[in-house]
file input-v1.cif (mmCIF, C-alpha atoms and all ligand atoms)
data_start
loop_
_atom_site.label_atom_id
_atom_site.label_comp_id
_atom_site.auth_asym_id
_atom_site.auth_seq_id
_atom_site.Cartn_x
_atom_site.Cartn_y
_atom_site.Cartn_z
CA MET A 1 -112.65 12.63 23.28
CA ALA A 2 -112.78 9.35 21.38
CA THR A 3 -111.67 6.13 23.06
CA PRO A 4 -109.77 3.92 23.00
CA ARG A 5 -106.89 6.29 22.43
CA LEU A 6 -103.17 6.50 22.99
CA GLU A 7 -102.07 9.77 24.54
CA ILE A 8 -98.57 10.40 23.30
CA ASN A 9 -96.36 13.04 24.85
CA LEU A 10 -93.85 14.14 22.21
CA ARG A 11 -91.96 16.35 24.63
CA LYS A 12 -91.16 13.37 26.87
CA ILE A 13 -90.04 11.27 23.88
CA LYS A 14 -87.78 14.10 22.74
CA GLU A 15 -86.31 14.43 26.24
CA ASN A 16 -85.68 10.68 26.44
CA ALA A 17 -83.94 10.76 23.06
CA HIS A 18 -81.87 13.74 24.17
CA PHE A 19 -80.83 12.09 27.43
CA LEU A 20 -79.68 8.90 25.67
CA ALA A 21 -77.99 10.67 22.76
CA HIS A 22 -76.11 12.83 25.25
CA THR A 23 -75.24 10.09 27.77
CA LEU A 24 -74.09 7.58 25.16
CA GLY A 25 -72.52 10.27 22.99
CA SER A 26 -70.25 11.22 25.89
CA VAL A 27 -68.76 7.70 25.87
CA GLY A 28 -68.44 7.58 22.08
CA ILE A 29 -71.57 5.58 21.28
CA ASN A 30 -73.94 6.80 18.57
CA VAL A 31 -77.68 6.30 19.12
CA THR A 32 -79.73 4.98 16.21
CA GLY A 33 -83.40 5.54 17.09
CA VAL A 34 -85.62 2.52 16.39
CA THR A 35 -89.16 3.38 15.30
CA LYS A 36 -90.70 -0.07 14.71
CA ALA A 37 -92.86 -0.06 17.85
CA VAL A 38 -94.57 3.13 16.71
CA CYS A 39 -94.97 1.98 13.07
CA GLY A 40 -92.60 4.71 11.95
CA HIS A 41 -95.05 7.39 13.01
CA PRO A 42 -93.55 10.57 11.52
CA ASP A 43 -94.41 12.86 14.48
CA ILE A 44 -92.71 10.47 16.89
CA ALA A 45 -89.74 10.02 14.56
CA LYS A 46 -89.38 13.80 14.37
CA ALA A 47 -89.49 14.10 18.18
CA ILE A 48 -86.65 11.56 18.41
CA LEU A 49 -84.62 13.54 15.86
CA GLU A 50 -85.33 16.82 17.66
CA GLY A 51 -83.87 15.20 20.78
CA GLY A 52 -80.53 15.00 18.99
CA VAL A 53 -80.62 11.48 17.55
CA LYS A 54 -79.24 11.67 14.01
CA GLU A 55 -80.24 8.34 12.46
CA LEU A 56 -83.26 6.07 12.55
CA ALA A 57 -83.87 2.38 11.94
CA ASP A 58 -86.93 0.23 11.46
CA SER A 59 -87.72 -3.41 10.74
CA ARG A 60 -90.48 -2.83 8.16
CA ILE A 61 -90.22 -1.09 4.81
CA SER A 62 -93.83 0.14 5.15
CA ASN A 63 -92.82 2.12 8.25
CA ILE A 64 -89.75 3.49 6.49
CA THR A 65 -91.65 4.63 3.40
CA ARG A 66 -94.17 6.30 5.73
CA MET A 67 -91.35 8.35 7.26
CA ARG A 68 -89.85 9.17 3.86
CA LEU A 69 -93.25 10.31 2.54
CA ALA A 70 -93.54 12.60 5.57
CA GLY A 71 -90.29 14.29 4.56
CA ILE A 72 -87.87 12.65 7.00
CA GLU A 73 -84.49 12.77 5.27
CA CYS A 74 -82.02 11.48 7.87
CA PRO A 75 -80.26 8.14 7.28
CA ILE A 76 -82.64 5.23 7.96
CA SER A 77 -81.42 1.63 8.21
CA MET A 78 -83.38 -1.55 7.71
CA ILE A 79 -82.63 -3.65 10.79
CA ARG A 80 -84.43 -6.81 9.71
CA SER A 81 -82.77 -8.91 7.03
CA PRO A 82 -84.30 -7.54 3.78
CA LEU A 83 -87.08 -9.54 2.15
CA LEU A 84 -86.11 -10.43 -1.42
CA SER A 85 -89.51 -9.14 -2.52
CA GLU A 86 -88.69 -5.69 -1.11
CA ILE A 87 -85.12 -5.20 -2.29
CA ASN A 88 -85.84 -2.25 -4.61
CA LEU A 89 -87.78 -0.28 -2.01
CA ILE A 90 -85.09 -0.92 0.56
CA VAL A 91 -82.30 0.35 -1.67
CA ARG A 92 -84.41 3.35 -2.61
CA HIS A 93 -85.30 4.39 0.94
CA CYS A 94 -82.51 3.05 3.17
CA GLU A 95 -78.83 3.96 2.97
CA THR A 96 -77.97 0.90 5.01
CA SER A 97 -79.37 -2.52 5.86
CA TYR A 98 -78.40 -5.24 8.33
CA ASN A 99 -77.67 -8.52 6.57
CA THR A 100 -76.91 -12.20 7.12
CA GLU A 101 -77.37 -13.82 3.68
CA ILE A 102 -75.12 -13.58 0.59
CA ALA A 103 -78.09 -14.07 -1.77
CA VAL A 104 -79.77 -11.00 -0.29
CA ILE A 105 -76.62 -8.87 -0.49
CA GLU A 106 -76.16 -9.85 -4.15
CA GLN A 107 -79.65 -8.62 -4.95
CA LEU A 108 -79.14 -5.42 -2.94
CA GLY A 109 -75.99 -4.82 -5.01
CA ALA A 110 -77.83 -5.46 -8.28
CA ALA A 111 -80.62 -3.04 -7.30
CA ALA A 112 -78.10 -0.42 -6.17
CA ARG A 113 -76.30 -0.62 -9.53
CA ILE A 114 -79.54 -0.08 -11.41
CA LEU A 115 -80.32 2.92 -9.21
CA GLN A 116 -76.69 4.11 -9.64
CA THR A 117 -76.04 4.22 -5.94
CA THR A 118 -74.09 2.28 -3.33
CA HIS A 119 -75.91 0.42 -0.57
CA ASN A 120 -74.22 0.03 2.83
CA VAL A 121 -74.29 -3.34 4.52
CA ILE A 122 -73.80 -4.10 8.18
CA LEU A 123 -73.28 -7.79 8.88
CA MET A 124 -75.24 -9.11 11.82
CA VAL A 125 -73.29 -11.55 13.98
CA ASP A 126 -75.05 -13.97 16.34
CA MET A 127 -73.36 -13.68 19.74
CA GLY A 128 -75.80 -16.12 21.37
CA ASP A 129 -79.34 -14.76 21.09
CA LEU A 130 -80.08 -17.38 18.38
CA ARG A 131 -82.24 -15.05 16.34
CA GLU A 132 -80.55 -13.52 13.29
CA GLY A 133 -76.84 -13.50 12.59
CA ILE A 134 -73.77 -15.06 11.02
CA THR A 135 -71.95 -17.28 13.51
CA PRO A 136 -68.64 -15.70 14.61
CA LYS A 137 -66.57 -18.52 13.09
CA ASP A 138 -68.13 -17.89 9.67
CA LEU A 139 -67.74 -14.11 9.72
CA ASN A 140 -64.42 -13.78 7.92
CA SER A 141 -65.24 -16.13 5.07
CA PHE A 142 -68.58 -14.35 4.70
CA ILE A 143 -66.80 -10.98 4.43
CA LEU A 144 -64.43 -12.33 1.79
CA LYS A 145 -67.40 -13.58 -0.21
CA MET A 146 -69.44 -10.37 -0.07
CA ARG A 147 -67.11 -7.46 -0.05
CA ASP A 148 -66.40 -7.37 -3.77
CA ILE A 149 -70.06 -7.46 -4.77
CA PRO A 150 -70.50 -4.33 -6.90
CA GLY A 151 -72.92 -1.73 -5.57
CA ILE A 152 -72.27 -2.80 -1.97
CA SER A 153 -70.11 -1.16 0.67
CA LEU A 154 -69.32 -3.10 3.85
CA MET A 155 -69.98 -0.56 6.60
CA GLY A 156 -69.49 -2.69 9.66
CA ILE A 157 -70.83 -5.38 11.93
CA GLY A 158 -73.59 -5.57 14.47
CA THR A 159 -75.08 -7.90 17.03
CA ASN A 160 -78.33 -8.19 18.92
CA PHE A 161 -79.32 -9.43 22.36
CA ALA A 162 -82.31 -10.32 24.48
CA CYS A 163 -84.74 -10.40 21.57
CA LEU A 164 -85.48 -14.09 21.21
CA SER A 165 -83.67 -15.43 24.26
CA GLY A 166 -84.33 -12.69 26.81
CA LEU A 167 -80.67 -13.02 27.80
CA PRO A 168 -79.04 -9.61 28.40
CA PRO A 169 -75.51 -8.99 27.11
CA SER A 170 -72.83 -9.63 29.72
CA ILE A 171 -69.56 -7.73 29.98
CA GLU A 172 -67.82 -10.93 28.84
CA ILE A 173 -69.91 -11.27 25.69
CA MET A 174 -69.41 -7.59 24.84
CA ASN A 175 -65.66 -8.06 25.26
CA GLU A 176 -65.86 -11.08 22.98
CA PHE A 177 -67.68 -8.97 20.39
CA SER A 178 -64.89 -6.38 20.51
CA LEU A 179 -62.28 -9.08 20.19
CA LEU A 180 -64.11 -10.55 17.21
CA THR A 181 -64.17 -7.07 15.64
CA ASP A 182 -60.39 -6.69 16.06
CA LEU A 183 -59.63 -10.17 14.73
CA SER A 184 -61.96 -9.89 11.79
CA GLU A 185 -60.60 -6.50 10.76
CA ARG A 186 -57.09 -7.84 10.90
CA GLU A 187 -57.71 -11.12 9.10
CA THR A 188 -59.80 -9.61 6.32
CA ALA A 189 -57.80 -6.34 6.10
CA THR A 190 -61.00 -4.32 6.53
CA THR A 191 -61.91 -1.35 8.72
CA PHE A 192 -65.41 -1.34 10.18
CA LYS A 193 -66.86 2.13 10.41
CA ARG A 194 -69.96 1.06 12.31
CA ILE A 195 -69.85 -1.42 15.18
CA SER A 196 -73.40 -1.69 16.43
CA GLY A 197 -73.38 -3.53 19.76
CA GLY A 198 -77.08 -4.09 20.41
CA ASN A 199 -80.31 -2.51 21.62
CA SER A 200 -81.95 -1.10 24.75
CA ALA A 201 -80.94 -4.24 26.67
CA ASN A 202 -77.32 -3.01 26.33
CA LEU A 203 -77.98 0.18 28.28
CA PRO A 204 -77.01 -1.07 31.76
CA TRP A 205 -73.74 -2.22 30.19
CA ALA A 206 -73.25 0.99 28.17
CA ILE A 207 -74.08 3.37 31.00
CA HIS A 208 -72.25 1.55 33.81
CA ALA A 209 -69.51 -0.54 32.21
CA CYS A 210 -66.23 1.27 32.22
CA LYS A 211 -65.10 -0.24 28.90
CA LYS A 212 -67.28 0.04 25.83
CA GLY A 213 -64.66 -1.72 23.73
CA ARG A 214 -65.15 -1.36 19.99
CA THR A 215 -68.91 -0.70 20.07
CA ASN A 216 -69.66 2.73 18.60
CA ASP A 217 -73.42 2.45 18.06
CA LEU A 218 -76.56 1.09 19.74
CA ARG A 219 -79.99 0.74 18.15
CA ILE A 220 -82.43 2.02 20.75
CA GLY A 221 -86.21 1.82 20.61
CA GLU A 222 -87.80 0.77 23.89
CA ALA A 223 -85.72 3.00 26.17
CA ILE A 224 -86.49 6.13 24.13
CA LEU A 225 -90.20 5.36 23.98
CA LEU A 226 -90.91 3.78 27.37
CA GLY A 227 -87.91 4.72 29.51
CA VAL A 228 -87.28 1.15 30.64
CA GLU A 229 -84.66 -1.52 30.22
CA PRO A 230 -86.35 -4.41 28.35
CA VAL A 231 -85.01 -7.42 30.25
CA SER A 232 -85.80 -6.30 33.80
CA GLY A 233 -88.57 -3.87 32.83
CA GLU A 234 -86.99 -1.42 35.26
CA LYS A 235 -87.02 2.32 34.81
CA ILE A 236 -83.78 3.85 33.53
CA GLU A 237 -82.82 6.80 35.73
CA GLY A 238 -83.19 10.05 33.83
CA LEU A 239 -85.91 8.83 31.44
CA HIS A 240 -89.69 9.36 31.36
CA THR A 241 -91.75 6.16 31.58
CA ASP A 242 -95.09 7.79 30.84
CA ALA A 243 -94.75 9.18 27.32
CA PHE A 244 -97.54 6.79 26.26
CA VAL A 245 -100.83 6.21 28.12
CA LEU A 246 -103.66 4.07 26.77
CA ILE A 247 -107.14 5.38 27.61
CA ALA A 248 -110.00 2.86 27.63
CA GLU A 249 -113.67 3.47 28.29
CA VAL A 250 -115.89 1.53 30.71
CA ILE A 251 -118.83 0.09 28.74
CA GLU A 252 -120.41 -1.97 31.53
CA SER A 253 -120.02 -1.92 35.29
CA LYS A 254 -122.07 -4.30 37.42
CA ILE A 255 -122.03 -5.97 40.76
CA LYS A 256 -121.93 -9.65 39.99
CA PRO A 257 -121.58 -11.71 43.15
CA ILE A 258 -120.30 -15.15 42.27
CA PRO A 259 -121.64 -18.04 44.36
CA THR A 260 -119.04 -20.53 45.49
CA ASP A 261 -120.81 -23.27 43.54
CA HIS A 262 -120.62 -21.32 40.26
CA PRO A 263 -119.88 -23.88 37.50
CA LEU A 264 -116.97 -21.77 36.22
CA ILE A 265 -115.19 -22.23 39.54
CA ALA A 266 -115.55 -26.00 39.41
CA ALA A 267 -114.31 -25.89 35.81
CA GLY A 268 -111.23 -23.91 36.85
CA TYR A 269 -112.04 -20.77 34.87
CA LEU A 270 -112.44 -18.47 37.85
CA GLY A 271 -109.93 -18.01 40.62
CA LYS A 272 -110.47 -16.89 44.21
CA GLU A 273 -109.93 -13.22 43.36
CA ASN A 274 -113.12 -13.35 41.32
CA ILE A 275 -115.20 -14.81 44.14
CA SER A 276 -114.27 -12.20 46.72
CA SER A 277 -114.65 -9.21 44.47
CA ILE A 278 -117.98 -7.72 43.67
CA THR A 279 -117.71 -5.25 40.80
CA ARG A 280 -116.91 -6.43 37.32
CA SER A 281 -116.36 -3.79 34.67
CA ILE A 282 -115.85 -4.15 30.95
CA LEU A 283 -113.55 -1.93 28.90
CA GLY A 284 -114.16 -1.30 25.23
CA LEU A 285 -110.78 -2.68 24.18
CA GLY A 286 -109.59 -6.16 23.33
CA LYS A 287 -107.00 -8.54 21.93
CA GLN A 288 -107.47 -6.99 18.51
CA ASP A 289 -106.21 -3.63 19.79
CA THR A 290 -103.25 -4.45 22.00
CA ASP A 291 -101.36 -7.15 23.90
CA PRO A 292 -103.53 -7.57 27.02
CA GLU A 293 -100.65 -9.22 28.90
CA GLY A 294 -98.63 -6.02 28.55
CA LEU A 295 -101.11 -3.70 30.26
CA GLU A 296 -100.72 -2.18 33.71
CA PHE A 297 -103.98 -1.00 35.28
CA PRO A 298 -104.38 1.71 37.93
CA ASP A 299 -104.37 0.71 41.61
CA GLY A 300 -107.59 -0.98 42.68
CA ILE A 301 -108.29 -2.54 39.30
CA ASN A 302 -107.28 -6.08 38.44
CA PHE A 303 -107.31 -7.77 35.07
CA SER A 304 -109.75 -10.69 34.89
CA GLY A 305 -110.01 -11.75 31.26
CA VAL A 306 -109.99 -10.64 27.65
CA THR A 307 -111.65 -11.44 24.34
CA SER A 308 -111.24 -9.77 20.95
CA ASP A 309 -113.19 -6.65 21.90
CA HIS A 310 -113.69 -6.77 25.68
CA ILE A 311 -111.39 -6.58 28.67
CA VAL A 312 -113.04 -7.58 31.96
CA VAL A 313 -111.56 -6.06 35.10
CA ILE A 314 -112.53 -6.54 38.71
CA GLU A 315 -112.57 -3.84 41.31
CA LYS A 316 -111.92 -4.55 44.95
CA GLU A 317 -114.60 -2.25 46.35
CA THR A 318 -117.96 -1.25 44.99
CA SER A 319 -117.54 0.33 41.61
CA SER A 320 -115.91 3.70 41.41
CA TYR A 321 -116.02 3.70 37.64
CA GLU A 322 -119.33 4.44 36.00
CA VAL A 323 -120.18 3.61 32.43
CA GLY A 324 -118.39 6.11 30.24
CA SER A 325 -115.50 6.72 32.63
CA GLU A 326 -111.97 6.56 31.30
CA ILE A 327 -109.30 4.24 32.66
CA HIS A 328 -105.63 5.19 32.22
CA ILE A 329 -103.47 2.18 31.38
CA ARG A 330 -99.69 1.87 31.08
CA LEU A 331 -98.26 -0.33 28.33
CA ASN A 332 -95.18 -2.44 27.81
CA TYR A 333 -93.38 -2.59 24.45
CA SER A 334 -95.48 -5.30 22.83
CA ALA A 335 -98.76 -3.72 24.00
CA LEU A 336 -97.52 -0.40 22.62
CA ALA A 337 -96.51 -1.88 19.27
CA ARG A 338 -99.92 -3.49 18.81
CA ALA A 339 -101.82 -0.40 19.96
CA MET A 340 -99.84 1.79 17.55
CA SER A 341 -100.77 -0.48 14.65
CA ALA A 342 -104.45 -0.85 15.65
CA PRO A 343 -106.69 1.27 13.41
CA ASP A 344 -109.36 1.69 16.10
CA ILE A 345 -107.01 3.29 18.61
CA LEU A 346 -106.87 7.04 18.14
CA LYS A 347 -103.40 8.56 18.45
CA SER A 348 -103.56 11.83 20.34
CA PHE A 349 -100.43 13.98 20.63
CA SER A 350 -99.43 16.56 23.19
CA LEU A 351 -96.35 18.50 24.29
CA SER A 352 -97.43 19.06 27.90
CA GLN A 353 -95.23 18.87 30.99
C1 LIG A 401 -86.13 -4.07 17.71
C2 LIG A 401 -84.70 -4.07 17.41
C3 LIG A 401 -83.87 -3.14 18.03
C4 LIG A 401 -84.37 -2.18 19.08
O1 LIG A 401 -84.65 -2.86 20.27
P1 LIG A 401 -85.16 -2.07 21.57
O2 LIG A 401 -85.27 -3.12 22.60
O3 LIG A 401 -86.46 -1.48 21.17
O4 LIG A 401 -84.17 -1.04 21.89
C5 LIG A 401 -82.53 -3.15 17.68
N1 LIG A 401 -82.05 -4.02 16.77
C6 LIG A 401 -82.83 -4.93 16.15
C7 LIG A 401 -82.23 -5.85 15.16
C8 LIG A 401 -84.18 -4.99 16.45
O5 LIG A 401 -84.94 -5.89 15.84
#
call {"tool": "encode", "arguments": {"input": "input-v1.cif", "output": "structure tokens"}}
result
Amino acid sequence: MATPRLEINLRKIKENAHFLAHTLGSVGINVTGVTKAVCGHPDIAKAILEGGVKELADSRISNITRMRLAGIECPISMIRSPLLSEINLIVRHCETSYNTEIAVIEQLGAAARILQTTHNVILMVDMGDLREGITPKDLNSFILKMRDIPGISLMGIGTNFACLSGLPPSIEIMNEFSLLTDLSERETATTFKRISGGNSANLPWAIHACKKGRTNDLRIGEAILLGVEPVSGEKIEGLHTDAFVLIAEVIESKIKPIPTDHPLIAAGYLGKENISSITRSILGLGKQDTDPEGLEFPDGINFSGVTSDHIVVIEKETSSYEVGSEIHIRLNYSALARAMSAPDILKSFSLSQ
């Protein structure tokens, strides 16, 4: 079979989606499945829906139109603040978008009126991640400014954690978010239907905290796809962590003893691990295909270096991998996202155990 390729187990993705939809559903939290790391691949989106997730979200309109063209009809939200240049497509394909700018909401409303529809808006509030969001103190005045824009319906509020800062949401911050929800509803005489409390980084809080407060939705990508909690990288009990495996082919394998006076050692390019090892192999895969820092190699193989089209690995013993052999590599979220969007990586689907 062709390499490099991503082997994608749809059954495991479906089971992960089912586990999370069921576990969070039992405490009153809806799961919105986030498809951005798989470029909105329709087969993967369908596996998530078959697992019992009822809504999807993505950060790129190209991914969303791909899912719509494949016949996916469930609600899909745009979770990145809409680009003004894409407003029409967003209103056409998404029932809902997450927003932080009045100018954008005005244009969404204008496009919705032309299309004779209503577009739902969820206001993103910045609870400390310092990526997108209205600051909590500005939320009420923002609501008063936007809620009468024709063509727009204010559906709720949301927040996001651990994306830019890597800081997971604490119980205290989640309580603050609930409090803000209460206060804002009261002071603006509004009822929020959707209170979207975060992403996969919220799962330890959602699964173990006894009080979910006002949060009634989480937007989950990484945990459904990779079975891990993003901040610690740890496996979430009950989820598969091997739904995706990257297969790379060995294109060169040679014993290259490195003398201690090798100029690259003096120049600081080669560490001790290179000197003691004897077999250096090259994989037909590179920076153009994935995020090399997010790869986990099998036991006995260590990463040495990477260029656009080559990954050099070192093996502790004499080579066990001949030219043409396949190496199975695990990926983190950023390596997965890049591999999914790389045209030279074949996507190969299975439903096996
Ligand atoms: C990517 C993203 C998510 C999903 O995050 P995961 O860590 O994949 O669960 C949720 N919300 C927003 C705004 C995002 O950008």
call {"tool": "residues_around", "arguments": {"input": "input-v1.cif", "residues": "Val27 (chain A)", "least_positions_apart": "3", "cutoff": "8 Å", "atoms": "only C-alpha atoms", "output": "PyMOL selection string"}}
result
chain A and resi 23-24+212
call {"tool": "closest_atom_pairs", "arguments": {"input": "input-v1.cif", "of": "chain A", "to": "ligand LIG 401 (chain A)", "cutoff": "7 Å", "atoms": "all atoms listed in the file", "output": "Markdown table"}}
result
| residue | atom | partner | partner_atom | distance |
| --- | --- | --- | --- | --- |
| A:Val34 | CA | A:LIG401 | C4 | 5.6 |
| A:Lys36 | CA | A:LIG401 | C1 | 6.8 |
| A:Ser59 | CA | A:LIG401 | O5 | 6.3 |
| A:Ile79 | CA | A:LIG401 | C7 | 4.9 |
| A:Arg80 | CA | A:LIG401 | C7 | 6.0 |
| A:Asn160 | CA | A:LIG401 | C7 | 5.9 |
| A:Gly198 | CA | A:LIG401 | N1 | 6.2 |
| A:Asn199 | CA | A:LIG401 | O4 | 4.1 |
| A:Ser200 | CA | A:LIG401 | O4 | 3.6 |
| A:Ala201 | CA | A:LIG401 | O2 | 6.0 |
| A:Arg219 | CA | A:LIG401 | C5 | 4.7 |
| A:Ile220 | CA | A:LIG401 | O4 | 3.7 |
| A:Gly221 | CA | A:LIG401 | O3 | 3.4 |
| A:Glu222 | CA | A:LIG401 | O3 | 3.8 |
| A:Ala223 | CA | A:LIG401 | O4 | 6.1 |
| A:Pro230 | CA | A:LIG401 | O2 | 6.0 |
call {"tool": "closest_residue", "arguments": {"input": "input-v1.cif", "among": "A:Leu295, A:Ala47, A:Ala103, A:Leu264", "to": "Leu336 (chain A)", "atoms": "all atoms listed in the file"}}
result
A:Leu295
call {"tool": "atom_distance", "arguments": {"input": "input-v1.cif", "atom1": "CA of Thr190 (chain A)", "atom2": "CA of Arg92 (chain A)"}}
result
26.3 Å
call {"tool": "closest_residue", "arguments": {"input": "input-v1.cif", "among": "A:Val53, A:Ala17, A:Leu123, A:Ile149", "to": "Gly109 (chain A)", "atoms": "all atoms listed in the file"}}
result
A:Ile149
call {"tool": "residues_near_point", "arguments": {"input": "input-v1.cif", "point": "(-94.5, 6.7, 24.1)", "cutoff": "9 Å", "atoms": "all atoms listed in the file", "output": "ChimeraX atom specification"}}
result
/A:6-10,12-13,38,44,222,224-227,241-245,336
call {"tool": "residues_around", "arguments": {"input": "input-v1.cif", "residues": "Gly28 (chain A)", "least_positions_apart": "2", "cutoff": "10 Å", "atoms": "only C-alpha atoms", "output": "PyMOL selection string"}}
result
chain A and resi 22-26+30-31+212+214-217
call {"tool": "residues_around", "arguments": {"input": "input-v1.cif", "residues": "Phe19 (chain A)", "least_positions_apart": "3", "cutoff": "8 Å", "atoms": "only C-alpha atoms", "output": "ChimeraX atom specification"}}
result
/A:15-16,22-23,51,238-239
call {"tool": "atom_distance", "arguments": {"input": "input-v1.cif", "atom1": "CA of Thr118 (chain A)", "atom2": "CA of Met78 (chain A)"}}
result
14.9 Å
call {"tool": "atom_distance", "arguments": {"input": "input-v1.cif", "atom1": "CA of Glu132 (chain A)", "atom2": "CA of Gly156 (chain A)"}}
result
15.9 Å
call {"tool": "residues_around", "arguments": {"input": "input-v1.cif", "residues": "Ser165 (chain A)", "least_positions_apart": "4", "cutoff": "12 Å", "atoms": "all atoms listed in the file", "output": "JSON, numbers by chain"}}
result
{"A": [126, 127, 128, 129, 130, 131, 132, 160, 161, 169, 201, 231]}
call {"tool": "write_last_selection", "arguments": {"input": "input-v1.cif", "atoms": "C-alpha atoms", "output": "PDB file, in the coordinates of the input"}}
result
ATOM      1  CA  ASP A 126     -75.050 -13.970  16.340  1.00  0.00           C
ATOM      2  CA  MET A 127     -73.360 -13.680  19.740  1.00  0.00           C
ATOM      3  CA  GLY A 128     -75.800 -16.120  21.370  1.00  0.00           C
ATOM      4  CA  ASP A 129     -79.340 -14.760  21.090  1.00  0.00           C
ATOM      5  CA  LEU A 130     -80.080 -17.380  18.380  1.00  0.00           C
ATOM      6  CA  ARG A 131     -82.240 -15.050  16.340  1.00  0.00           C
ATOM      7  CA  GLU A 132     -80.550 -13.520  13.290  1.00  0.00           C
ATOM      8  CA  ASN A 160     -78.330  -8.190  18.920  1.00  0.00           C
ATOM      9  CA  PHE A 161     -79.320  -9.430  22.360  1.00  0.00           C
ATOM     10  CA  PRO A 169     -75.510  -8.990  27.110  1.00  0.00           C
ATOM     11  CA  ALA A 201     -80.940  -4.240  26.670  1.00  0.00           C
ATOM     12  CA  VAL A 231     -85.010  -7.420  30.250  1.00  0.00           C
TER      13      VAL A 231
END
call {"tool": "residues_around", "arguments": {"input": "input-v1.cif", "residues": "region 302-317 of chain A", "least_positions_apart": "2", "cutoff": "6 Å", "atoms": "all atoms listed in the file", "output": "VMD selection string"}}
result
chain A and resid 277 279 to 288 300
call {"tool": "closest_residue", "arguments": {"input": "input-v1.cif", "among": "A:Asp138, A:Asp182, A:Glu86, A:Asp148", "to": "Ile61 (chain A)", "atoms": "all atoms listed in the file"}}
result
A:Glu86
call {"tool": "closest_residue", "arguments": {"input": "input-v1.cif", "among": "A:Ser325, A:Asn202, A:Asn99, A:Ser85", "to": "Gly158 (chain A)", "atoms": "only C-alpha atoms"}}
result
A:Asn99
call {"tool": "closest_residue", "arguments": {"input": "input-v1.cif", "among": "A:Leu346, A:Ile327, A:Ala110, A:Ile157", "to": "Ile301 (chain A)", "atoms": "only C-alpha atoms"}}
result
A:Ile327
call {"tool": "closest_residue", "arguments": {"input": "input-v1.cif", "among": "A:Glu106, A:Val228, A:Glu293, A:Glu322", "to": "Ser253 (chain A)", "atoms": "all atoms listed in the file"}}
result
A:Glu322
